[in-house]
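With mmCIF, C-alpha atoms, pLDDT in the B column; chains and numbers go by the auth columns inside, this is structure11.cif:
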data_query
loop_
_atom_site.group_PDB
_atom_site.id
_atom_site.type_symbol
_atom_site.label_atom_id
_atom_site.label_comp_id
_atom_site.label_asym_id
_atom_site.label_seq_id
_atom_site.Cartn_x
_atom_site.Cartn_y
_atom_site.Cartn_z
_atom_site.B_iso_or_equiv
_atom_site.auth_seq_id
_atom_site.auth_asym_id
ATOM 1 C CA MET A 1 147.313 -13.555 9.382 94.00 1 A
ATOM 2 C CA ILE A 2 144.335 -12.150 7.525 96.00 2 A
ATOM 3 C CA GLU A 3 142.457 -14.360 5.060 97.00 3 A
ATOM 4 C CA VAL A 4 139.315 -13.473 3.136 98.00 4 A
ATOM 5 C CA ARG A 5 136.678 -16.149 2.595 98.00 5 A
ATOM 6 C CA HIS A 6 134.959 -14.762 -0.497 98.00 6 A
ATOM 7 C CA ALA A 7 131.199 -15.050 -0.780 98.00 7 A
ATOM 8 C CA ALA A 8 131.414 -16.774 -4.167 98.00 8 A
ATOM 9 C CA GLU A 9 133.573 -19.543 -2.681 97.00 9 A
ATOM 10 C CA ARG A 10 130.944 -20.648 -0.157 98.00 10 A
ATOM 11 C CA GLY A 11 128.997 -23.867 -0.374 98.00 11 A
ATOM 12 C CA THR A 12 125.490 -23.699 -1.823 97.00 12 A
ATOM 13 C CA ALA A 13 122.167 -25.409 -1.321 96.00 13 A
ATOM 14 C CA ASN A 14 118.997 -24.539 -3.194 96.00 14 A
ATOM 15 C CA PHE A 15 115.744 -26.387 -2.521 95.00 15 A
ATOM 16 C CA GLY A 16 113.444 -23.944 -4.280 95.00 16 A
ATOM 17 C CA TRP A 17 111.893 -22.617 -1.085 96.00 17 A
ATOM 18 C CA LEU A 18 115.381 -22.141 0.448 97.00 18 A
ATOM 19 C CA ASP A 19 118.514 -20.637 -1.086 98.00 19 A
ATOM 20 C CA SER A 20 121.461 -21.022 1.293 98.00 20 A
ATOM 21 C CA ARG A 21 125.156 -20.129 1.298 98.00 21 A
ATOM 22 C CA HIS A 22 127.466 -21.985 3.697 98.00 22 A
ATOM 23 C CA THR A 23 130.633 -20.290 4.938 98.00 23 A
ATOM 24 C CA PHE A 24 131.698 -23.528 6.629 98.00 24 A
ATOM 25 C CA SER A 25 130.956 -27.212 5.949 98.00 25 A
ATOM 26 C CA PHE A 26 127.276 -27.905 6.514 97.00 26 A
ATOM 27 C CA GLY A 27 124.779 -30.533 5.391 93.00 27 A
ATOM 28 C CA HIS A 28 125.812 -31.986 2.029 94.00 28 A
ATOM 29 C CA TYR A 29 128.545 -29.360 1.620 97.00 29 A
ATOM 30 C CA TYR A 30 131.895 -30.615 2.912 97.00 30 A
ATOM 31 C CA ASP A 31 135.195 -28.756 2.688 96.00 31 A
ATOM 32 C CA PRO A 32 137.953 -29.992 5.021 96.00 32 A
ATOM 33 C CA ASP A 33 139.638 -26.593 4.794 95.00 33 A
ATOM 34 C CA HIS A 34 136.523 -24.830 6.099 97.00 34 A
ATOM 35 C CA MET A 35 135.162 -26.761 9.067 98.00 35 A
ATOM 36 C CA GLY A 36 134.718 -23.714 11.283 98.00 36 A
ATOM 37 C CA PHE A 37 136.882 -21.125 12.994 98.00 37 A
ATOM 38 C CA GLY A 38 137.551 -21.638 16.686 97.00 38 A
ATOM 39 C CA ALA A 39 134.210 -22.176 18.404 98.00 39 A
ATOM 40 C CA LEU A 40 132.416 -20.693 15.392 98.00 40 A
ATOM 41 C CA ARG A 41 131.002 -23.697 13.534 98.00 41 A
ATOM 42 C CA VAL A 42 128.326 -22.433 11.118 98.00 42 A
ATOM 43 C CA ILE A 43 127.468 -19.237 9.266 98.00 43 A
ATOM 44 C CA ASN A 44 124.669 -19.861 6.798 98.00 44 A
ATOM 45 C CA GLU A 45 123.142 -17.028 4.795 98.00 45 A
ATOM 46 C CA ASP A 46 119.580 -18.139 4.093 98.00 46 A
ATOM 47 C CA ARG A 47 116.805 -16.761 1.916 98.00 47 A
ATOM 48 C CA VAL A 48 113.380 -18.345 2.402 98.00 48 A
ATOM 49 C CA ARG A 49 110.386 -17.861 0.121 97.00 49 A
ATOM 50 C CA PRO A 50 107.129 -16.397 1.482 97.00 50 A
ATOM 51 C CA GLY A 51 105.177 -18.865 3.597 94.00 51 A
ATOM 52 C CA ALA A 52 107.917 -21.509 3.550 95.00 52 A
ATOM 53 C CA GLY A 53 110.382 -22.645 6.190 93.00 53 A
ATOM 54 C CA PHE A 54 112.103 -25.360 8.172 90.00 54 A
ATOM 55 C CA ASP A 55 109.747 -27.984 9.594 90.00 55 A
ATOM 56 C CA THR A 56 110.177 -29.108 13.200 90.00 56 A
ATOM 57 C CA HIS A 57 113.587 -30.683 13.745 90.00 57 A
ATOM 58 C CA GLY A 58 115.969 -31.309 16.612 92.00 58 A
ATOM 59 C CA HIS A 59 119.314 -29.942 17.832 93.00 59 A
ATOM 60 C CA GLN A 60 121.602 -30.789 20.707 95.00 60 A
ATOM 61 C CA ASP A 61 124.682 -29.199 22.348 97.00 61 A
ATOM 62 C CA MET A 62 124.893 -26.093 20.170 97.00 62 A
ATOM 63 C CA GLU A 63 124.408 -22.336 20.629 98.00 63 A
ATOM 64 C CA ILE A 64 122.233 -21.324 17.656 97.00 64 A
ATOM 65 C CA ILE A 65 121.976 -17.637 16.821 97.00 65 A
ATOM 66 C CA SER A 66 119.646 -16.095 14.234 97.00 66 A
ATOM 67 C CA TYR A 67 120.104 -12.611 12.795 97.00 67 A
ATOM 68 C CA VAL A 68 117.505 -11.296 10.341 97.00 68 A
ATOM 69 C CA LEU A 69 118.641 -8.959 7.569 97.00 69 A
ATOM 70 C CA GLU A 70 115.316 -8.496 5.742 97.00 70 A
ATOM 71 C CA GLY A 71 111.790 -9.651 6.412 97.00 71 A
ATOM 72 C CA ALA A 72 110.598 -11.566 9.460 97.00 72 A
ATOM 73 C CA LEU A 73 111.360 -15.069 10.759 97.00 73 A
ATOM 74 C CA GLU A 74 108.870 -16.965 12.918 94.00 74 A
ATOM 75 C CA HIS A 75 110.193 -19.355 15.582 90.00 75 A
ATOM 76 C CA LYS A 76 108.476 -22.086 17.634 91.00 76 A
ATOM 77 C CA ASP A 77 110.163 -24.625 19.888 88.00 77 A
ATOM 78 C CA SER A 78 109.587 -27.510 22.285 92.00 78 A
ATOM 79 C CA ILE A 79 110.189 -25.404 25.418 91.00 79 A
ATOM 80 C CA GLY A 80 107.143 -23.270 24.652 87.00 80 A
ATOM 81 C CA THR A 81 108.737 -20.305 22.930 87.00 81 A
ATOM 82 C CA GLY A 82 107.003 -18.634 20.035 87.00 82 A
ATOM 83 C CA SER A 83 108.357 -15.421 18.537 91.00 83 A
ATOM 84 C CA VAL A 84 108.948 -13.376 15.403 96.00 84 A
ATOM 85 C CA ILE A 85 112.479 -12.145 14.689 95.00 85 A
ATOM 86 C CA ARG A 86 112.959 -8.953 12.684 97.00 86 A
ATOM 87 C CA PRO A 87 115.935 -6.835 11.577 96.00 87 A
ATOM 88 C CA GLY A 88 117.776 -5.539 14.631 95.00 88 A
ATOM 89 C CA ASP A 89 116.825 -8.579 16.724 97.00 89 A
ATOM 90 C CA VAL A 90 119.365 -11.153 17.867 97.00 90 A
ATOM 91 C CA GLN A 91 118.007 -14.550 18.879 96.00 91 A
ATOM 92 C CA VAL A 92 119.881 -17.294 20.694 97.00 92 A
ATOM 93 C CA MET A 93 118.713 -20.841 21.320 93.00 93 A
ATOM 94 C CA SER A 94 120.826 -23.123 23.499 95.00 94 A
ATOM 95 C CA ALA A 95 120.068 -26.632 22.271 95.00 95 A
ATOM 96 C CA GLY A 96 121.770 -28.246 25.277 96.00 96 A
ATOM 97 C CA THR A 97 120.315 -31.631 26.198 97.00 97 A
ATOM 98 C CA GLY A 98 117.956 -31.406 23.242 95.00 98 A
ATOM 99 C CA ILE A 99 115.408 -29.066 21.718 93.00 99 A
ATOM 100 C CA ARG A 100 113.043 -29.236 18.757 94.00 100 A
ATOM 101 C CA HIS A 101 112.031 -26.159 16.807 90.00 101 A
ATOM 102 C CA SER A 102 110.713 -24.830 13.521 92.00 102 A
ATOM 103 C CA GLU A 103 111.544 -21.648 11.637 93.00 103 A
ATOM 104 C CA PHE A 104 109.269 -20.142 8.999 91.00 104 A
ATOM 105 C CA ASN A 105 109.006 -17.041 6.915 96.00 105 A
ATOM 106 C CA HIS A 106 106.436 -15.026 8.856 96.00 106 A
ATOM 107 C CA SER A 107 105.193 -13.340 5.685 95.00 107 A
ATOM 108 C CA LYS A 108 103.042 -14.860 2.959 95.00 108 A
ATOM 109 C CA LYS A 109 104.182 -12.161 0.513 95.00 109 A
ATOM 110 C CA GLU A 110 107.771 -11.122 1.239 96.00 110 A
ATOM 111 C CA PRO A 111 110.955 -13.276 1.414 96.00 111 A
ATOM 112 C CA VAL A 112 113.063 -13.443 4.561 98.00 112 A
ATOM 113 C CA HIS A 113 116.853 -13.112 4.495 98.00 113 A
ATOM 114 C CA PHE A 114 118.807 -14.072 7.589 98.00 114 A
ATOM 115 C CA LEU A 115 122.026 -15.471 9.013 98.00 115 A
ATOM 116 C CA GLN A 116 122.021 -18.695 10.997 97.00 116 A
ATOM 117 C CA ILE A 117 125.100 -18.942 13.210 98.00 117 A
ATOM 118 C CA TRP A 118 126.199 -21.911 15.304 98.00 118 A
ATOM 119 C CA VAL A 119 128.714 -21.637 18.121 98.00 119 A
ATOM 120 C CA LEU A 120 130.008 -24.695 19.972 98.00 120 A
ATOM 121 C CA PRO A 121 129.103 -24.447 23.692 98.00 121 A
ATOM 122 C CA ASP A 122 131.725 -24.509 26.439 96.00 122 A
ATOM 123 C CA LYS A 123 130.096 -27.599 27.948 95.00 123 A
ATOM 124 C CA LYS A 124 127.631 -30.279 26.924 96.00 124 A
ATOM 125 C CA GLY A 125 124.349 -31.146 28.599 96.00 125 A
ATOM 126 C CA LEU A 126 123.159 -27.607 29.323 95.00 126 A
ATOM 127 C CA ALA A 127 119.482 -26.927 29.921 95.00 127 A
ATOM 128 C CA PRO A 128 117.754 -25.791 26.703 95.00 128 A
ATOM 129 C CA ARG A 129 116.867 -22.099 26.683 94.00 129 A
ATOM 130 C CA TYR A 130 115.786 -19.255 24.403 93.00 130 A
ATOM 131 C CA ASP A 131 116.461 -15.517 24.414 95.00 131 A
ATOM 132 C CA GLN A 132 115.872 -12.652 22.012 96.00 132 A
ATOM 133 C CA LYS A 133 116.863 -8.991 22.221 97.00 133 A
ATOM 134 C CA SER A 134 116.602 -5.991 19.931 97.00 134 A
ATOM 135 C CA PHE A 135 119.480 -3.602 19.219 98.00 135 A
ATOM 136 C CA PRO A 136 118.483 -0.315 17.524 97.00 136 A
ATOM 137 C CA ALA A 137 120.533 0.909 14.574 96.00 137 A
ATOM 138 C CA SER A 138 121.450 4.018 16.571 97.00 138 A
ATOM 139 C CA GLU A 139 123.421 1.838 19.022 98.00 139 A
ATOM 140 C CA LYS A 140 125.449 0.327 16.152 98.00 140 A
ATOM 141 C CA ARG A 141 126.017 3.472 14.108 98.00 141 A
ATOM 142 C CA ASP A 142 129.773 3.924 13.597 98.00 142 A
ATOM 143 C CA ARG A 143 130.630 1.836 16.640 98.00 143 A
ATOM 144 C CA LEU A 144 130.950 -1.785 17.691 98.00 144 A
ATOM 145 C CA ARG A 145 127.889 -2.714 19.737 98.00 145 A
ATOM 146 C CA LEU A 146 128.248 -5.847 21.869 98.00 146 A
ATOM 147 C CA VAL A 147 125.270 -8.091 21.101 98.00 147 A
ATOM 148 C CA GLY A 148 126.459 -11.460 22.475 98.00 148 A
ATOM 149 C CA SER A 149 128.776 -12.481 25.328 98.00 149 A
ATOM 150 C CA PRO A 150 129.304 -15.218 27.948 98.00 150 A
ATOM 151 C CA ASP A 151 128.060 -12.988 30.788 97.00 151 A
ATOM 152 C CA GLY A 152 125.380 -10.901 29.094 97.00 152 A
ATOM 153 C CA ARG A 153 127.203 -7.661 29.820 97.00 153 A
ATOM 154 C CA ASP A 154 125.961 -4.374 28.360 97.00 154 A
ATOM 155 C CA GLY A 155 122.581 -5.930 27.706 97.00 155 A
ATOM 156 C CA SER A 156 123.890 -8.528 25.248 98.00 156 A
ATOM 157 C CA ILE A 157 122.418 -11.993 24.807 98.00 157 A
ATOM 158 C CA VAL A 158 124.163 -14.765 26.742 98.00 158 A
ATOM 159 C CA ILE A 159 126.229 -17.297 24.771 98.00 159 A
ATOM 160 C CA HIS A 160 127.591 -20.364 26.577 98.00 160 A
ATOM 161 C CA GLN A 161 131.088 -19.933 25.169 98.00 161 A
ATOM 162 C CA ASP A 162 134.094 -17.619 25.561 98.00 162 A
ATOM 163 C CA THR A 163 132.960 -15.662 22.512 98.00 163 A
ATOM 164 C CA ALA A 164 131.898 -12.054 22.078 98.00 164 A
ATOM 165 C CA ILE A 165 129.823 -10.880 19.114 98.00 165 A
ATOM 166 C CA TYR A 166 129.740 -7.240 18.015 98.00 166 A
ATOM 167 C CA ASP A 167 127.570 -5.541 15.409 98.00 167 A
ATOM 168 C CA ALA A 168 128.473 -2.309 13.598 98.00 168 A
ATOM 169 C CA LEU A 169 126.673 -0.198 11.004 98.00 169 A
ATOM 170 C CA LEU A 170 129.331 2.009 9.420 98.00 170 A
ATOM 171 C CA SER A 171 129.093 5.187 7.359 98.00 171 A
ATOM 172 C CA ARG A 172 131.343 5.521 4.324 98.00 172 A
ATOM 173 C CA GLY A 173 134.925 6.248 5.386 97.00 173 A
ATOM 174 C CA HIS A 174 134.277 5.546 9.060 97.00 174 A
ATOM 175 C CA ALA A 175 136.569 3.138 10.903 98.00 175 A
ATOM 176 C CA VAL A 176 136.225 1.130 14.106 98.00 176 A
ATOM 177 C CA THR A 177 138.963 -0.724 15.969 98.00 177 A
ATOM 178 C CA HIS A 178 138.931 -3.624 18.379 98.00 178 A
ATOM 179 C CA ALA A 179 141.869 -4.856 20.451 98.00 179 A
ATOM 180 C CA LEU A 180 142.465 -8.602 20.436 97.00 180 A
ATOM 181 C CA LYS A 181 144.043 -10.035 23.554 96.00 181 A
ATOM 182 C CA THR A 182 146.975 -12.416 23.249 95.00 182 A
ATOM 183 C CA GLY A 183 145.831 -15.833 22.092 95.00 183 A
ATOM 184 C CA ARG A 184 142.510 -14.616 20.675 98.00 184 A
ATOM 185 C CA LYS A 185 141.386 -14.351 17.081 98.00 185 A
ATOM 186 C CA SER A 186 138.514 -12.843 15.174 98.00 186 A
ATOM 187 C CA TRP A 187 136.101 -13.587 12.376 98.00 187 A
ATOM 188 C CA VAL A 188 134.510 -10.632 10.582 98.00 188 A
ATOM 189 C CA GLN A 189 131.355 -11.395 8.599 98.00 189 A
ATOM 190 C CA VAL A 190 130.410 -8.643 6.161 98.00 190 A
ATOM 191 C CA VAL A 191 126.627 -8.405 6.296 98.00 191 A
ATOM 192 C CA GLY A 192 126.299 -5.569 3.800 98.00 192 A
ATOM 193 C CA GLY A 193 128.286 -2.969 1.905 98.00 193 A
ATOM 194 C CA ALA A 194 132.062 -3.073 1.546 98.00 194 A
ATOM 195 C CA VAL A 195 134.895 -2.696 4.058 98.00 195 A
ATOM 196 C CA GLU A 196 138.607 -3.068 4.566 98.00 196 A
ATOM 197 C CA VAL A 197 139.725 -5.310 7.430 98.00 197 A
ATOM 198 C CA ASN A 198 143.289 -4.461 8.391 97.00 198 A
ATOM 199 C CA GLY A 199 143.808 -3.348 4.804 95.00 199 A
ATOM 200 C CA LYS A 200 142.113 -6.356 3.153 97.00 200 A
ATOM 201 C CA ALA A 201 139.066 -5.610 1.006 98.00 201 A
ATOM 202 C CA ALA A 202 135.853 -7.524 1.738 98.00 202 A
ATOM 203 C CA SER A 203 132.252 -7.074 0.630 98.00 203 A
ATOM 204 C CA ALA A 204 128.794 -8.421 1.435 98.00 204 A
ATOM 205 C CA GLY A 205 128.848 -12.176 2.082 98.00 205 A
ATOM 206 C CA ASP A 206 132.602 -12.304 2.602 98.00 206 A
ATOM 207 C CA GLY A 207 134.146 -13.481 5.850 98.00 207 A
ATOM 208 C CA VAL A 208 137.574 -12.472 7.118 98.00 208 A
ATOM 209 C CA ALA A 209 139.686 -14.685 9.401 98.00 209 A
ATOM 210 C CA VAL A 210 142.069 -12.701 11.613 98.00 210 A
ATOM 211 C CA GLU A 211 144.810 -14.341 13.689 97.00 211 A
ATOM 212 C CA ASP A 212 148.009 -13.115 15.356 96.00 212 A
ATOM 213 C CA GLU A 213 146.924 -9.481 15.142 97.00 213 A
ATOM 214 C CA ALA A 214 146.859 -7.191 18.177 97.00 214 A
ATOM 215 C CA VAL A 215 144.282 -4.787 16.748 97.00 215 A
ATOM 216 C CA LEU A 216 141.395 -5.269 14.373 97.00 216 A
ATOM 217 C CA SER A 217 140.639 -2.236 12.188 98.00 217 A
ATOM 218 C CA ILE A 218 137.537 -2.082 9.977 98.00 218 A
ATOM 219 C CA THR A 219 136.932 0.804 7.560 98.00 219 A
ATOM 220 C CA SER A 220 133.739 1.210 5.546 98.00 220 A
ATOM 221 C CA ARG A 221 134.081 1.747 1.789 97.00 221 A
ATOM 222 C CA ALA A 222 130.337 2.084 1.173 96.00 222 A
ATOM 223 C CA ASN A 223 127.314 3.726 2.716 92.00 223 A
ATOM 224 C CA ASP A 224 125.856 1.736 5.599 93.00 224 A
ATOM 225 C CA SER A 225 128.279 -1.180 5.583 98.00 225 A
ATOM 226 C CA GLU A 226 127.375 -3.694 8.276 98.00 226 A
ATOM 227 C CA VAL A 227 129.676 -6.224 9.937 98.00 227 A
ATOM 228 C CA LEU A 228 129.397 -8.865 12.638 98.00 228 A
ATOM 229 C CA VAL A 229 132.651 -9.275 14.552 98.00 229 A
ATOM 230 C CA PHE A 230 133.379 -12.456 16.511 98.00 230 A
ATOM 231 C CA ASP A 231 136.083 -12.270 19.218 98.00 231 A
ATOM 232 C CA LEU A 232 137.090 -15.898 19.757 98.00 232 A
ATOM 233 C CA ALA A 233 139.348 -17.835 22.111 96.00 233 A
#

Can you present the structure in this file as structure tokens?
Amino acid sequence: MIEVRHAAERGTANFGWLDSRHTFSFGHYYDPDHMGFGALRVINEDRVRPGAGFDTHGHQDMEIISYVLEGALEHKDSIGTGSVIRPGDVQVMSAGTGIRHSEFNHSKKEPVHFLQIWVLPDKKGLAPRYDQKSFPASEKRDRLRLVGSPDGRDGSIVIHQDTAIYDALLSRGHAVTHALKTGRKSWVQVVGGAVEVNGKAASAGDGVAVEDEAVLSITSRANDSEVLVFDLA
């Protein structure tokens, strides 16, 4: 089964300083047919005006991953972490027993464009933690680069869930494949460009749900197409 979740079908929220697109139900947007996919609960594509951002707020029992597409995102939290996230960086925050944080556009002049991804943890009550790593474009060029995993293998960030996240930056006409073990499924989020996922066309902002397929094949139909691939239990 391969099903495309088109970008134009996503939920929307616009508060002036924030323009957000929700792949799955989130906030005031509720769609019983799109409550998540496996352990993947949220994919929000956010654009934040210069100097604006999310005031301090709390989370609990969630793996929260931020991936910046353009600009820079500033992060501060209640466990003493302060950082700036830029394109190529992958940030994870385990909310666990409870954490408070804020996220702001680091620039006073340029907007920031990023993905906020939530993954349900494999257990509740974990100790809150923060991690951030950078993955150069050269490591993602025409290949699937592991950027998140349960065990941190290959230098990936640790996610407390049986989920692997891959990033690929694909040249026009280039294809990558990924074998899916029995009982596993995949979500492909098209970050930029245009691709075909097992023959199904998808472009920037689209998501593709893949189930009951032994192999995932992604072919770029544009220059510098970028995809995030989630391998899910």

Take every atom of region 187-203 of chain A listed in the file, fit an axis-aligned box around them, add 6 Å per side, and give the centre and edge lengths in Å to one decimal as AutoDock Vina command-line options.
--center_x 135.1 --center_y -8.1 --center_z 6.5 --size_x 29.5 --size_y 22.9 --size_z 23.7

Spatial neighbours of region 202-210 of chain A, max dist 7 Å, only C-alpha atoms, sep filter under 6 positions, as a PDB file with C-alpha atoms, in the frame of the given file:
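To be explicit, this is the file written out as out_24.pdb:
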ATOM      1  CA  MET A   1     147.313 -13.555   9.382  1.00 94.00           C
ATOM      2  CA  ILE A   2     144.335 -12.150   7.525  1.00 96.00           C
ATOM      3  CA  GLU A   3     142.457 -14.360   5.060  1.00 97.00           C
ATOM      4  CA  VAL A   4     139.315 -13.473   3.136  1.00 98.00           C
ATOM      5  CA  ARG A   5     136.678 -16.149   2.595  1.00 98.00           C
ATOM      6  CA  HIS A   6     134.959 -14.762  -0.497  1.00 98.00           C
ATOM      7  CA  ALA A   7     131.199 -15.050  -0.780  1.00 98.00           C
ATOM      8  CA  LYS A 185     141.386 -14.351  17.081  1.00 98.00           C
ATOM      9  CA  SER A 186     138.514 -12.843  15.174  1.00 98.00           C
ATOM     10  CA  TRP A 187     136.101 -13.587  12.376  1.00 98.00           C
ATOM     11  CA  VAL A 188     134.510 -10.632  10.582  1.00 98.00           C
ATOM     12  CA  GLN A 189     131.355 -11.395   8.599  1.00 98.00           C
ATOM     13  CA  VAL A 190     130.410  -8.643   6.161  1.00 98.00           C
ATOM     14  CA  VAL A 191     126.627  -8.405   6.296  1.00 98.00           C
ATOM     15  CA  GLY A 192     126.299  -5.569   3.800  1.00 98.00           C
ATOM     16  CA  GLY A 193     128.286  -2.969   1.905  1.00 98.00           C
ATOM     17  CA  ALA A 194     132.062  -3.073   1.546  1.00 98.00           C
ATOM     18  CA  VAL A 195     134.895  -2.696   4.058  1.00 98.00           C
ATOM     19  CA  GLU A 196     138.607  -3.068   4.566  1.00 98.00           C
TER      20      GLU A 196
END

Nearest residue to Arg47 (chain A) from the set A:Thr12, A:Ser217, A:Gln60, A:Thr81 (distances using only C-alpha atoms): A:Thr12

Option closest in space to Ile218 (chain A), from A:Asp142, A:Glu45, A:Glu63, A:Asp162 [counting all atoms listed in the file]: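 For Ile218 (chain A), the nearest of the given residues is A:Asp142.
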
Residue nearest Gly183 (chain A) - candidates A:Ala214, A:Val147, A:Met35, A:Ser107, atoms counted: all atoms listed in the file: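 The shortest atom-to-atom distance to Gly183 (chain A) comes from A:Ala214.
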